[in-house]
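*Asks:* File name work_39.cif; file contents mmCIF, C-alpha atoms; full text below.
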data_work
loop_
_atom_site.label_atom_id
_atom_site.label_comp_id
_atom_site.auth_asym_id
_atom_site.auth_seq_id
_atom_site.Cartn_x
_atom_site.Cartn_y
_atom_site.Cartn_z
CA MET Q 1366 0.00 0.00 0.00
CA THR Q 1367 1.42 3.39 -1.02
CA PRO Q 1368 1.15 6.16 1.61
CA THR Q 1369 -0.92 9.15 0.61
CA ARG Q 1370 0.72 12.56 0.52
CA PRO Q 1371 -1.08 15.10 2.72
CA GLN Q 1372 -3.34 17.44 0.80
CA PRO Q 1373 -4.20 21.00 1.86
CA SER Q 1374 -7.80 20.01 2.52
CA ASP Q 1375 -6.59 17.27 4.90
CA ASP Q 1376 -4.27 19.54 6.83
CA PRO Q 1377 -5.63 20.02 10.36
CA VAL Q 1378 -3.58 23.15 10.93
CA GLY Q 1379 -5.62 26.32 11.08
CA ASP Q 1380 -5.19 29.34 8.85
CA ALA Q 1381 -3.94 31.59 11.64
CA PRO Q 1382 -0.24 32.47 11.23
CA PRO Q 1383 2.10 31.15 13.93
CA PRO Q 1384 2.89 33.62 16.69
CA GLY Q 1385 6.23 35.37 16.98
CA ARG Q 1386 9.20 36.18 14.83
CA ALA Q 1387 10.75 33.50 12.62
CA ALA Q 1388 14.39 32.96 11.67
CA ALA Q 1389 15.97 30.70 9.07
CA LEU Q 1390 19.06 28.83 10.27
CA ILE Q 1391 21.06 27.58 7.28
CA VAL Q 1392 23.59 24.86 8.12
CA ALA Q 1393 26.66 25.34 5.90
CA ALA Q 1394 29.52 24.00 8.02
CA GLY Q 1395 29.92 20.63 6.29
CA ARG Q 1396 32.70 19.57 3.98
CA GLY Q 1397 30.58 17.64 1.43
CA ARG Q 1398 33.08 14.80 1.08
CA ARG Q 1399 30.77 12.72 -1.12
CA PHE Q 1400 30.54 15.60 -3.56
CA GLY Q 1401 34.31 15.77 -4.09
CA GLY Q 1402 36.55 18.68 -5.04
CA GLY Q 1403 38.54 21.07 -2.90
CA VAL Q 1404 35.66 23.48 -2.24
CA PRO Q 1405 32.71 22.67 0.07
CA LYS Q 1406 29.68 22.03 -2.12
CA GLN Q 1407 27.60 24.80 -0.52
CA TYR Q 1408 29.99 27.31 -2.13
CA GLN Q 1409 29.95 25.73 -5.58
CA ALA Q 1410 28.41 27.90 -8.27
CA LEU Q 1411 24.95 27.26 -9.65
CA GLY Q 1412 23.54 29.67 -12.20
CA GLY Q 1413 25.98 32.42 -11.31
CA ARG Q 1414 25.93 32.18 -7.52
CA ALA Q 1415 26.73 29.74 -4.73
CA LEU Q 1416 24.27 27.07 -3.58
CA LEU Q 1417 24.20 28.81 -0.19
CA ALA Q 1418 23.19 32.09 -1.81
CA HIS Q 1419 20.18 30.48 -3.52
CA ALA Q 1420 18.86 29.19 -0.19
CA ALA Q 1421 19.54 32.45 1.66
CA ALA Q 1422 17.86 34.51 -1.06
CA ALA Q 1423 14.74 32.34 -0.96
CA PHE Q 1424 14.35 32.88 2.79
CA LEU Q 1425 15.06 36.60 2.53
CA ALA Q 1426 12.35 36.92 -0.10
CA HIS Q 1427 9.71 35.34 2.15
CA PRO Q 1428 7.62 37.90 4.07
CA ARG Q 1429 7.35 35.72 7.22
CA ILE Q 1430 11.11 35.23 7.67
CA ASP Q 1431 12.56 37.99 9.85
CA LEU Q 1432 16.20 36.88 9.98
CA VAL Q 1433 18.61 34.59 8.14
CA GLN Q 1434 21.48 33.11 10.16
CA VAL Q 1435 24.17 30.88 8.61
CA VAL Q 1436 26.40 28.38 10.43
CA ILE Q 1437 29.78 27.95 8.70
CA GLY Q 1438 33.03 26.03 9.01
CA PRO Q 1439 35.88 27.68 10.95
CA ASP Q 1440 37.88 28.44 7.79
CA ASP Q 1441 35.00 29.53 5.56
CA ARG Q 1442 34.36 33.17 6.53
CA ASP Q 1443 35.72 34.55 3.27
CA LEU Q 1444 33.71 32.01 1.26
CA HIS Q 1445 30.56 32.95 3.21
CA ASP Q 1446 31.10 36.68 2.75
CA ARG Q 1447 31.72 36.41 -0.97
CA ALA Q 1448 28.81 34.05 -1.54
CA LEU Q 1449 26.33 36.24 0.33
CA ALA Q 1450 27.66 39.65 -0.67
CA GLY Q 1451 24.76 42.07 -0.93
CA LEU Q 1452 22.34 39.86 1.02
CA GLU Q 1453 21.19 41.08 4.43
CA VAL Q 1454 22.05 38.13 6.64
CA ALA Q 1455 23.20 38.05 10.26
CA PRO Q 1456 26.92 37.58 10.98
CA PRO Q 1457 27.74 33.87 10.63
CA VAL Q 1458 28.15 31.45 13.51
CA ILE Q 1459 31.08 29.02 13.60
CA GLY Q 1460 29.84 25.44 13.65
CA GLY Q 1461 31.03 22.30 15.38
CA ALA Q 1462 32.46 18.92 14.43
CA GLU Q 1463 29.07 17.35 13.65
CA ARG Q 1464 25.87 18.71 12.13
CA GLN Q 1465 24.08 18.40 15.45
CA ASP Q 1466 26.77 20.54 17.11
CA SER Q 1467 26.52 23.15 14.37
CA VAL Q 1468 22.74 23.42 14.68
CA ARG Q 1469 22.96 23.74 18.46
CA LEU Q 1470 25.53 26.54 18.19
CA GLY Q 1471 23.33 28.34 15.68
CA LEU Q 1472 20.32 27.98 17.94
CA GLU Q 1473 22.30 29.37 20.87
CA ALA Q 1474 23.14 32.44 18.80
CA LEU Q 1475 19.50 32.95 17.86
CA ALA Q 1476 18.34 32.51 21.45
CA ALA Q 1477 20.92 35.07 22.64
CA ARG Q 1478 19.23 37.70 20.48
CA GLY Q 1479 16.04 37.42 22.50
CA ASP Q 1480 13.72 38.33 19.63
CA ILE Q 1481 13.22 35.02 17.78
CA ASP Q 1482 10.40 32.58 18.56
CA LEU Q 1483 10.39 30.16 15.62
CA VAL Q 1484 13.26 28.65 13.67
CA LEU Q 1485 13.44 26.88 10.32
CA VAL Q 1486 16.61 24.78 9.99
CA HIS Q 1487 17.72 24.25 6.41
CA ASP Q 1488 20.54 22.45 4.59
CA ALA Q 1489 22.65 24.80 2.49
CA ALA Q 1490 22.92 22.08 -0.17
CA ARG Q 1491 19.19 22.43 -0.99
CA PRO Q 1492 19.24 25.51 -3.24
CA PHE Q 1493 15.67 25.23 -4.57
CA LEU Q 1494 13.31 26.32 -1.84
CA PRO Q 1495 9.72 26.92 -2.98
CA ALA Q 1496 7.93 29.58 -0.97
CA GLY Q 1497 5.03 27.17 -0.49
CA MET Q 1498 7.23 24.84 1.56
CA ILE Q 1499 8.11 27.67 3.92
CA ASP Q 1500 4.43 28.56 4.15
CA ARG Q 1501 3.43 25.02 5.07
CA VAL Q 1502 6.09 24.61 7.75
CA LEU Q 1503 5.24 27.96 9.36
CA LYS Q 1504 1.54 27.21 9.19
CA ALA Q 1505 2.05 23.89 10.99
CA LEU Q 1506 3.91 25.66 13.80
CA GLY Q 1507 0.69 27.50 14.61
CA ASP Q 1508 -0.39 24.54 16.75
CA ALA Q 1509 2.50 22.03 16.65
CA PRO Q 1510 5.90 22.18 18.38
CA ALA Q 1511 7.73 21.07 15.23
CA ALA Q 1512 7.09 20.49 11.54
CA LEU Q 1513 8.81 18.39 8.88
CA PRO Q 1514 8.33 18.70 5.11
CA ALA Q 1515 8.45 15.24 3.57
CA LEU Q 1516 7.61 13.20 0.50
CA ALA Q 1517 5.89 9.84 0.62
CA VAL Q 1518 8.09 6.94 -0.47
CA THR Q 1519 6.63 5.53 -3.70
CA ASP Q 1520 9.46 3.29 -4.94
CA THR Q 1521 9.74 -0.32 -3.84
CA LEU Q 1522 12.44 -0.62 -1.18
CA LYS Q 1523 14.99 -3.42 -1.00
CA ARG Q 1524 17.45 -4.34 1.72
CA GLY Q 1525 20.80 -5.42 0.28
CA GLU Q 1526 23.80 -7.36 1.51
CA ALA Q 1527 26.98 -7.76 -0.55
CA MET Q 1528 25.16 -6.30 -3.57
CA THR Q 1529 22.46 -8.96 -3.33
CA VAL Q 1530 18.82 -8.38 -2.43
CA ALA Q 1531 18.28 -9.63 1.12
CA GLY Q 1532 14.63 -8.67 1.43
CA THR Q 1533 11.86 -6.26 0.55
CA VAL Q 1534 10.99 -3.44 2.94
CA SER Q 1535 7.41 -2.28 3.30
CA ARG Q 1536 7.05 1.32 2.21
CA ASP Q 1537 3.83 1.81 4.15
CA GLY Q 1538 4.07 4.92 6.26
CA LEU Q 1539 7.59 5.82 5.04
CA TRP Q 1540 8.51 9.37 4.14
CA ARG Q 1541 11.58 11.12 2.73
CA ALA Q 1542 12.51 13.99 5.04
CA GLN Q 1543 13.44 17.36 3.58
CA THR Q 1544 14.32 20.79 4.95
CA PRO Q 1545 13.54 23.41 6.18
CA GLN Q 1546 12.43 21.71 9.39
CA GLY Q 1547 10.63 24.07 11.73
CA ALA Q 1548 10.24 24.22 15.49
CA ARG Q 1549 9.70 26.55 18.39
CA LEU Q 1550 13.16 27.89 19.13
CA ASP Q 1551 13.03 27.29 22.87
CA LEU Q 1552 11.91 23.67 22.48
CA LEU Q 1553 14.42 22.81 19.76
CA LEU Q 1554 17.30 24.39 21.65
CA ALA Q 1555 16.38 22.52 24.83
CA ALA Q 1556 16.19 19.28 22.85
CA HIS Q 1557 19.63 19.87 21.29
CA ARG Q 1558 21.14 20.72 24.66
CA ALA Q 1559 19.72 17.50 26.12
CA ALA Q 1560 21.08 15.43 23.24
CA ALA Q 1561 24.55 17.03 23.16
CA GLY Q 1562 27.30 14.60 24.07
CA HIS Q 1563 24.96 11.65 24.60
CA THR Q 1564 24.96 8.37 22.71
CA LEU Q 1565 21.39 7.51 21.81
CA PRO Q 1566 20.00 4.24 20.44
CA HIS Q 1567 19.34 5.79 17.05
CA ALA Q 1568 21.14 8.42 15.01
CA LEU Q 1569 19.92 12.00 15.20
CA THR Q 1570 20.48 12.86 11.57
CA ASP Q 1571 18.08 15.79 11.44
CA ASP Q 1572 16.26 18.18 13.75
CA ALA Q 1573 12.99 16.26 13.60
CA ALA Q 1574 14.86 13.31 15.14
CA VAL Q 1575 16.17 15.55 17.92
CA MET Q 1576 12.64 16.71 18.69
CA GLU Q 1577 11.35 13.12 18.57
CA ALA Q 1578 14.04 12.05 21.04
CA ALA Q 1579 12.89 14.82 23.39
CA GLY Q 1580 9.32 13.52 23.26
CA HIS Q 1581 7.81 16.19 21.01
CA ALA Q 1582 5.33 15.45 18.24
CA VAL Q 1583 6.52 16.45 14.77
CA ARG Q 1584 3.88 17.47 12.25
CA LEU Q 1585 4.31 16.16 8.68
CA VAL Q 1586 3.63 18.67 5.90
CA ASP Q 1587 3.86 18.31 2.17
CA GLY Q 1588 7.37 18.58 0.75
CA ASP Q 1589 8.40 19.37 -2.80
CA GLU Q 1590 10.39 17.32 -5.33
CA ALA Q 1591 12.20 20.49 -6.38
CA ALA Q 1592 13.77 20.80 -2.92
CA PHE Q 1593 16.22 17.97 -3.50
CA LYS Q 1594 19.59 17.87 -1.78
CA ILE Q 1595 22.79 18.17 -3.79
CA THR Q 1596 25.06 15.37 -2.60
CA THR Q 1597 26.91 14.22 -5.72
CA ALA Q 1598 28.18 15.75 -8.96
CA ALA Q 1599 25.19 14.13 -10.69
CA ASP Q 1600 22.87 16.10 -8.40
CA MET Q 1601 24.64 19.30 -9.43
CA ASP Q 1602 24.16 18.42 -13.09
CA ARG Q 1603 20.46 17.91 -12.39
CA ALA Q 1604 20.28 21.32 -10.71
CA ARG Q 1605 22.01 23.02 -13.61
CA GLN Q 1606 19.66 21.39 -16.08
CA LEU Q 1607 16.71 22.58 -14.01
CA LEU Q 1608 18.05 26.13 -14.00
CA ALA Q 1609 18.67 26.02 -17.73
CA ARG Q 1610 15.10 24.92 -18.34
CA ARG Q 1611 13.92 27.85 -16.24
CA GLY Q 1612 16.04 30.22 -18.31
CA GLN Q 1613 18.00 31.39 -15.28
CA THR Q 1614 21.57 30.73 -16.42
CA ALA Q 1615 23.51 33.96 -16.00
CA ALA Q 1616 25.51 35.50 -18.84
CA LEU Q 1617 29.27 35.44 -18.24
CA LEU Q 1618 31.72 38.23 -19.01
CA PRO Q 1619 35.55 37.95 -19.07
CA ALA Q 1620 37.72 39.53 -16.39
CA THR Q 1621 41.52 39.48 -16.16
CA GLY Q 1622 43.65 39.72 -13.03
CA SER Q 1623 47.40 40.06 -12.62
CA GLY Q 1624 49.75 39.12 -9.79
CA PHE Q 1625 53.39 39.69 -8.89
CA ASP Q 1626 55.49 38.30 -6.06
CA VAL Q 1627 59.10 38.23 -4.85
CA HIS Q 1628 61.01 36.03 -2.40
CA ALA Q 1629 64.64 36.16 -1.36
CA PHE Q 1630 66.93 33.16 -1.36
CA ALA Q 1631 67.75 31.55 1.99
CA PRO Q 1632 69.66 28.45 3.11
CA GLY Q 1633 68.11 25.26 1.77
CA ASN Q 1634 68.29 22.56 -0.87
CA HIS Q 1635 65.13 23.18 -2.92
CA VAL Q 1636 62.51 25.73 -3.95
CA TRP Q 1637 58.79 25.32 -4.59
CA LEU Q 1638 57.57 26.62 -7.96
CA CYS Q 1639 54.01 26.11 -9.23
CA GLY Q 1640 53.53 23.46 -6.56
CA VAL Q 1641 56.56 21.44 -7.73
CA ARG Q 1642 59.63 20.77 -5.56
CA VAL Q 1643 62.66 21.89 -7.59
CA PRO Q 1644 66.15 20.90 -6.32
CA HIS Q 1645 68.46 23.90 -5.83
CA ASP Q 1646 71.46 24.88 -3.74
CA GLN Q 1647 69.30 27.41 -1.88
CA GLY Q 1648 65.73 27.75 -0.62
CA LEU Q 1649 63.36 30.70 -0.62
CA SER Q 1650 62.53 32.77 2.44
CA GLY Q 1651 58.87 33.21 3.30
CA HIS Q 1652 56.22 32.68 5.97
CA SER Q 1653 54.69 29.82 3.95
CA ASP Q 1654 56.59 27.55 1.57
CA ALA Q 1655 57.47 30.71 -0.44
CA ASP Q 1656 56.19 29.40 -3.77
CA VAL Q 1657 56.61 32.66 -5.60
CA ALA Q 1658 54.75 31.39 -8.69
CA LEU Q 1659 51.65 30.20 -6.83
CA HIS Q 1660 51.58 33.42 -4.81
CA ALA Q 1661 51.55 35.45 -8.02
CA LEU Q 1662 48.84 33.28 -9.55
CA THR Q 1663 46.75 33.47 -6.37
CA ASP Q 1664 46.90 37.26 -6.53
CA ALA Q 1665 45.94 37.13 -10.20
CA VAL Q 1666 42.78 35.15 -9.43
CA LEU Q 1667 41.94 37.42 -6.51
CA GLY Q 1668 42.48 40.44 -8.75
CA ALA Q 1669 40.15 39.09 -11.40
CA ILE Q 1670 37.32 38.88 -8.87
CA ALA Q 1671 38.29 42.11 -7.05
CA ALA Q 1672 38.89 40.26 -3.76
CA ASP Q 1673 41.90 42.20 -2.44
CA ASP Q 1674 45.22 40.35 -2.25
CA ILE Q 1675 46.87 37.30 -0.76
CA GLY Q 1676 48.16 39.25 2.23
CA ARG Q 1677 44.65 40.04 3.44
CA HIS Q 1678 43.43 36.50 3.14
CA PHE Q 1679 46.59 34.90 4.55
CA PRO Q 1680 48.41 37.48 6.72
CA PRO Q 1681 52.10 36.66 7.30
CA THR Q 1682 51.51 37.52 10.97
CA ASP Q 1683 49.11 34.57 11.32
CA ALA Q 1684 50.91 31.52 12.71
CA ARG Q 1685 48.48 29.19 10.90
CA TRP Q 1686 50.25 29.84 7.61
CA ARG Q 1687 53.83 29.29 8.83
CA GLY Q 1688 55.33 26.76 6.44
CA ALA Q 1689 51.94 26.16 4.78
CA SER Q 1690 51.75 24.76 1.28
CA SER Q 1691 50.87 27.53 -1.16
CA ASP Q 1692 48.47 25.13 -2.87
CA ARG Q 1693 46.01 26.09 -0.13
CA PHE Q 1694 46.20 29.76 -1.08
CA LEU Q 1695 45.35 29.14 -4.73
CA ILE Q 1696 42.55 26.70 -3.84
CA HIS Q 1697 41.07 29.35 -1.53
CA ALA Q 1698 41.15 32.00 -4.25
CA LEU Q 1699 39.52 29.61 -6.71
CA ALA Q 1700 36.84 28.85 -4.12
CA LEU Q 1701 36.05 32.54 -3.73
CA MET Q 1702 35.81 32.77 -7.50
CA GLY Q 1703 33.44 29.81 -7.62
CA ALA Q 1704 31.29 31.24 -4.84
CA ILE Q 1705 30.32 34.17 -7.05
CA GLY Q 1706 29.79 32.02 -10.13
CA GLY Q 1707 33.20 32.60 -11.70
CA ARG Q 1708 35.09 30.14 -13.90
CA LEU Q 1709 38.82 30.17 -14.63
CA VAL Q 1710 39.48 29.71 -18.36
CA HIS Q 1711 43.20 30.48 -18.72
CA CYS Q 1712 46.27 31.31 -16.64
CA ASP Q 1713 49.84 32.25 -17.43
CA VAL Q 1714 52.85 32.33 -15.09
CA THR Q 1715 56.30 33.80 -15.75
CA ILE Q 1716 59.14 32.96 -13.35
CA ILE Q 1717 61.93 35.53 -13.26
CA GLY Q 1718 65.48 34.59 -12.17
CA GLU Q 1719 68.86 33.27 -13.21
CA ARG Q 1720 68.60 29.96 -11.36
CA PRO Q 1721 67.22 27.33 -11.02
CA LYS Q 1722 66.38 26.43 -14.59
CA VAL Q 1723 62.66 26.06 -15.17
CA GLY Q 1724 62.78 24.20 -18.50
CA PRO Q 1725 63.36 20.69 -17.09
CA HIS Q 1726 60.39 21.10 -14.74
CA ARG Q 1727 57.99 23.05 -16.97
CA GLU Q 1728 55.67 20.17 -17.86
CA ALA Q 1729 55.49 18.99 -14.24
CA MET Q 1730 54.51 22.54 -13.27
CA ARG Q 1731 51.79 22.69 -15.91
CA ARG Q 1732 50.44 19.34 -14.79
CA ARG Q 1733 50.36 20.47 -11.16
CA LEU Q 1734 48.59 23.70 -12.07
CA ALA Q 1735 46.10 21.66 -14.09
CA GLU Q 1736 45.38 19.54 -11.01
CA LEU Q 1737 44.85 22.63 -8.85
CA THR Q 1738 42.79 24.68 -11.28
CA GLY Q 1739 40.90 22.04 -13.22
CA LEU Q 1740 42.12 23.58 -16.48
CA PRO Q 1741 43.54 21.48 -19.32
CA PRO Q 1742 47.32 21.98 -19.72
CA ALA Q 1743 46.65 23.60 -23.09
CA ARG Q 1744 45.18 26.59 -21.22
CA ILE Q 1745 48.08 26.94 -18.80
CA GLY Q 1746 51.24 28.86 -19.64
CA VAL Q 1747 54.47 28.47 -17.65
CA LYS Q 1748 57.47 30.49 -18.83
CA ALA Q 1749 60.79 31.66 -17.45
CA THR Q 1750 63.01 34.63 -18.13
CA THR Q 1751 66.01 36.44 -16.69
CA THR Q 1752 66.72 40.12 -16.18
CA GLU Q 1753 70.03 39.94 -18.07
CA GLN Q 1754 71.91 39.86 -14.74
CA LEU Q 1755 70.34 43.17 -13.69
CA GLY Q 1756 68.71 43.84 -10.34
CA PHE Q 1757 68.25 41.47 -7.38
CA THR Q 1758 67.26 38.53 -9.61
CA GLY Q 1759 70.28 39.18 -11.82
CA ARG Q 1760 72.49 39.11 -8.72
CA ARG Q 1761 70.84 35.79 -7.78
CA GLU Q 1762 69.45 37.18 -4.54
CA GLY Q 1763 65.99 35.78 -5.09
CA LEU Q 1764 63.19 34.95 -7.51
CA ALA Q 1765 60.19 36.85 -8.80
CA ALA Q 1766 57.08 35.76 -10.63
CA MET Q 1767 54.21 37.42 -12.42
CA ALA Q 1768 50.93 35.83 -13.46
CA THR Q 1769 47.67 36.56 -15.21
CA ALA Q 1770 44.32 34.81 -14.80
CA THR Q 1771 41.36 35.05 -17.16
CA VAL Q 1772 38.03 34.43 -15.45
CA LEU Q 1773 34.44 34.40 -16.69
CA LEU Q 1774 32.15 36.15 -14.21
CA PRO Q 1775 28.36 36.61 -14.10
CA ASP Q 1776 27.12 39.82 -15.65
CA LEU Q 1777 26.09 41.77 -12.55
CA SER Q 1778 24.06 44.18 -14.65
CA ALA Q 1779 21.62 41.39 -15.48
CA SER Q 1780 18.97 40.64 -12.90
CA GLU Q 1781 18.56 37.01 -11.80
CA PRO Q 1782 15.29 35.73 -10.34
CA VAL Q 1783 15.38 34.29 -6.85
CA VAL Q 1784 15.10 30.50 -6.97
#
Please go through the file and, once you have read it, give me the structure as structure tokens.
*Replies:*
Amino acid sequence: MTPTRPQPSDDPVGDAPPPGRAAALIVAAGRGRRFGGGVPKQYQALGGRALLAHAAAAFLAHPRIDLVQVVIGPDDRDLHDRALAGLEVAPPVIGGAERQDSVRLGLEALAARGDIDLVLVHDAARPFLPAGMIDRVLKALGDAPAALPALAVTDTLKRGEAMTVAGTVSRDGLWRAQTPQGARLDLLLAAHRAAAGHTLPHALTDDAAVMEAAGHAVRLVDGDEAAFKITTAADMDRARQLLARRGQTAALLPATGSGFDVHAFAPGNHVWLCGVRVPHDQGLSGHSDADVALHALTDAVLGAIAADDIGRHFPPTDARWRGASSDRFLIHALALMGAIGGRLVHCDVTIIGERPKVGPHREAMRRRLAELTGLPPARIGVKATTTEQLGFTGRREGLAAMATATVLLPDLSASEPVV
């Protein structure tokens, strides 16, 4: 027997709006390991802006949502700020090791404000958020402590062992949970506090489960197939196809950034150039690994998206970056680019110095840059030159590098509908 989806006429919730002010709490602290790539999936671009921005914009456009609060990873403040630039959201909250920890910390921040009564907790990886879903969850909170949007399971379910069917599972009464999941803020926070640090007989994988564990009834409301969660690259392809069908793919315009960097020689037996370890009778002095080429390219990407320079994002006074691989700097710049819907299409690096010779390592450098940027080697230039024994590079006191990056960015003059 297939469960019946709730219909509006069957909904026992009254028409009166729920009392109090409502906030959206978007959980964006995860790493998205199943999605792959060096950038958390919530900051990947979809139709010219990050997944997180789609969700935030949908809440901000709803007349019953008074505040949008985002919970982020400890290293993601720049990604958050770039993704949500121009959107009026509260300052982000730093999340915890697990989703449950992150939600609890976000709830604590909302409770500390003293002006929020209802909260809708939403996964940042669900960019498509129909206004009707928000309406139904808020409506249910008029006389229920919590509400869960869900879809009835219609497919036949099988239990498998070692890739062999071990049995058929009844789908009667089974539902696929979605977000946003709503609750009274005081009740949900108390439930999270009670569950924190405790091992329970079943996993608390969402906020409805936390409320269930605390003994609260959770009202089921109708979900929406459009509100699917992006977990894999195939899900992202589905989302892009959906946007394309809606005619919401943003036009892209080219932008070019340039970068330049210098490092002095120091005692050592190798230098890092374009992420490749090059043997040499000296090293390079720097707070990180002093990869002068990657530093220049990082600044070029940051310049193309008008995001200041490498020194602001990775201050040399910050002990976290002492000896750090410069790969991290370039990956961060590329993530900021992706968060605003940008796409790198070409880069060119010139290394300036008398020694070491770049030629024997050129192809390894291009391959490494291809791994970091996702570009084919044919769109990556790596060159070397000298200054004819003039200046500090001519005196073999150090190395310099300059780089350019060509990026396609959304046309900000074109309006884009809120998804």
*Asks:* Can you turn the PyMOL selection byres ((chain Q and resi 1455) around 8) into a concrete residue list for this file, as a PDB file with C-alpha atoms, in the coordinates of the input?
*Replies:*
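Dumped everything to selection_7.pdb:
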ATOM      1  CA  LEU Q1432      16.200  36.880   9.980  1.00  0.00           C
ATOM      2  CA  VAL Q1433      18.610  34.590   8.140  1.00  0.00           C
ATOM      3  CA  GLN Q1434      21.480  33.110  10.160  1.00  0.00           C
ATOM      4  CA  VAL Q1435      24.170  30.880   8.610  1.00  0.00           C
ATOM      5  CA  GLU Q1453      21.190  41.080   4.430  1.00  0.00           C
ATOM      6  CA  VAL Q1454      22.050  38.130   6.640  1.00  0.00           C
ATOM      7  CA  PRO Q1456      26.920  37.580  10.980  1.00  0.00           C
ATOM      8  CA  PRO Q1457      27.740  33.870  10.630  1.00  0.00           C
TER       9      PRO Q1457
END
*Asks:* State, in Å with one decimal place, the distance from atom CA of Asp1664 of chain Q to atom CA of Ile1696 of chain Q.
*Replies:*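 The value is 11.7 Å.
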*Asks:* Please identify every residue of segment 1615-1636 of chain Q that has at least one atom no farther than 10 Å from an atom of segment 1759-1771 of chain Q, counting all atoms listed in the file, and for each give the shortest atom pair and the distance in Å to one decimal, arranged by chain then increasing number, as CSV.
*Replies:*
residue,atom,partner,partner_atom,distance
Q:Pro1619,CA,Q:Thr1771,CA,6.8
Q:Ala1620,CA,Q:Thr1771,CA,5.8
Q:Thr1621,CA,Q:Thr1771,CA,4.5
Q:Gly1622,CA,Q:Ala1770,CA,5.3
Q:Ser1623,CA,Q:Thr1769,CA,4.4
Q:Gly1624,CA,Q:Ala1768,CA,5.1
Q:Phe1625,CA,Q:Met1767,CA,4.3
Q:Asp1626,CA,Q:Ala1766,CA,5.5
Q:Val1627,CA,Q:Ala1765,CA,4.3
Q:His1628,CA,Q:Leu1764,CA,5.7
Q:Ala1629,CA,Q:Gly1763,CA,4.0
Q:Phe1630,CA,Q:Gly1763,CA,4.7
Q:Ala1631,CA,Q:Gly1763,CA,8.4
Q:Val1636,CA,Q:Leu1764,CA,9.9
*Asks:* Draw an axis-aligned box tight on the listed atoms of segment 1718-1727 of chain Q, then pad every side by 6 Å and write out centre and edge lengths in Å to one decimal as lines of an AutoDock Vina configuration file.
*Replies:*
center_x = 63.4
center_y = 27.6
center_z = -14.8
size_x = 22.9
size_y = 25.9
size_z = 19.5
*Asks:* Just so the selection is clear, what residues does the PyMOL selection byres ((chain Q and resi 1727) around 12) cover here, as a PyMOL selection string?
*Replies:* chain Q and resi 1638-1643+1714-1716+1721-1726+1728-1734+1742+1745-1749
*Asks:* May I have the residues from that selection written out with C-alpha atoms, as a PDB file, keeping the file's coordinate frame?
*Replies:*
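Ended up saving to again-v1.pdb:
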ATOM      1  CA  LEU Q1638      57.570  26.620  -7.960  1.00  0.00           C
ATOM      2  CA  CYS Q1639      54.010  26.110  -9.230  1.00  0.00           C
ATOM      3  CA  GLY Q1640      53.530  23.460  -6.560  1.00  0.00           C
ATOM      4  CA  VAL Q1641      56.560  21.440  -7.730  1.00  0.00           C
ATOM      5  CA  ARG Q1642      59.630  20.770  -5.560  1.00  0.00           C
ATOM      6  CA  VAL Q1643      62.660  21.890  -7.590  1.00  0.00           C
ATOM      7  CA  VAL Q1714      52.850  32.330 -15.090  1.00  0.00           C
ATOM      8  CA  THR Q1715      56.300  33.800 -15.750  1.00  0.00           C
ATOM      9  CA  ILE Q1716      59.140  32.960 -13.350  1.00  0.00           C
ATOM     10  CA  PRO Q1721      67.220  27.330 -11.020  1.00  0.00           C
ATOM     11  CA  LYS Q1722      66.380  26.430 -14.590  1.00  0.00           C
ATOM     12  CA  VAL Q1723      62.660  26.060 -15.170  1.00  0.00           C
ATOM     13  CA  GLY Q1724      62.780  24.200 -18.500  1.00  0.00           C
ATOM     14  CA  PRO Q1725      63.360  20.690 -17.090  1.00  0.00           C
ATOM     15  CA  HIS Q1726      60.390  21.100 -14.740  1.00  0.00           C
ATOM     16  CA  GLU Q1728      55.670  20.170 -17.860  1.00  0.00           C
ATOM     17  CA  ALA Q1729      55.490  18.990 -14.240  1.00  0.00           C
ATOM     18  CA  MET Q1730      54.510  22.540 -13.270  1.00  0.00           C
ATOM     19  CA  ARG Q1731      51.790  22.690 -15.910  1.00  0.00           C
ATOM     20  CA  ARG Q1732      50.440  19.340 -14.790  1.00  0.00           C
ATOM     21  CA  ARG Q1733      50.360  20.470 -11.160  1.00  0.00           C
ATOM     22  CA  LEU Q1734      48.590  23.700 -12.070  1.00  0.00           C
ATOM     23  CA  PRO Q1742      47.320  21.980 -19.720  1.00  0.00           C
ATOM     24  CA  ILE Q1745      48.080  26.940 -18.800  1.00  0.00           C
ATOM     25  CA  GLY Q1746      51.240  28.860 -19.640  1.00  0.00           C
ATOM     26  CA  VAL Q1747      54.470  28.470 -17.650  1.00  0.00           C
ATOM     27  CA  LYS Q1748      57.470  30.490 -18.830  1.00  0.00           C
ATOM     28  CA  ALA Q1749      60.790  31.660 -17.450  1.00  0.00           C
TER      29      ALA Q1749
END
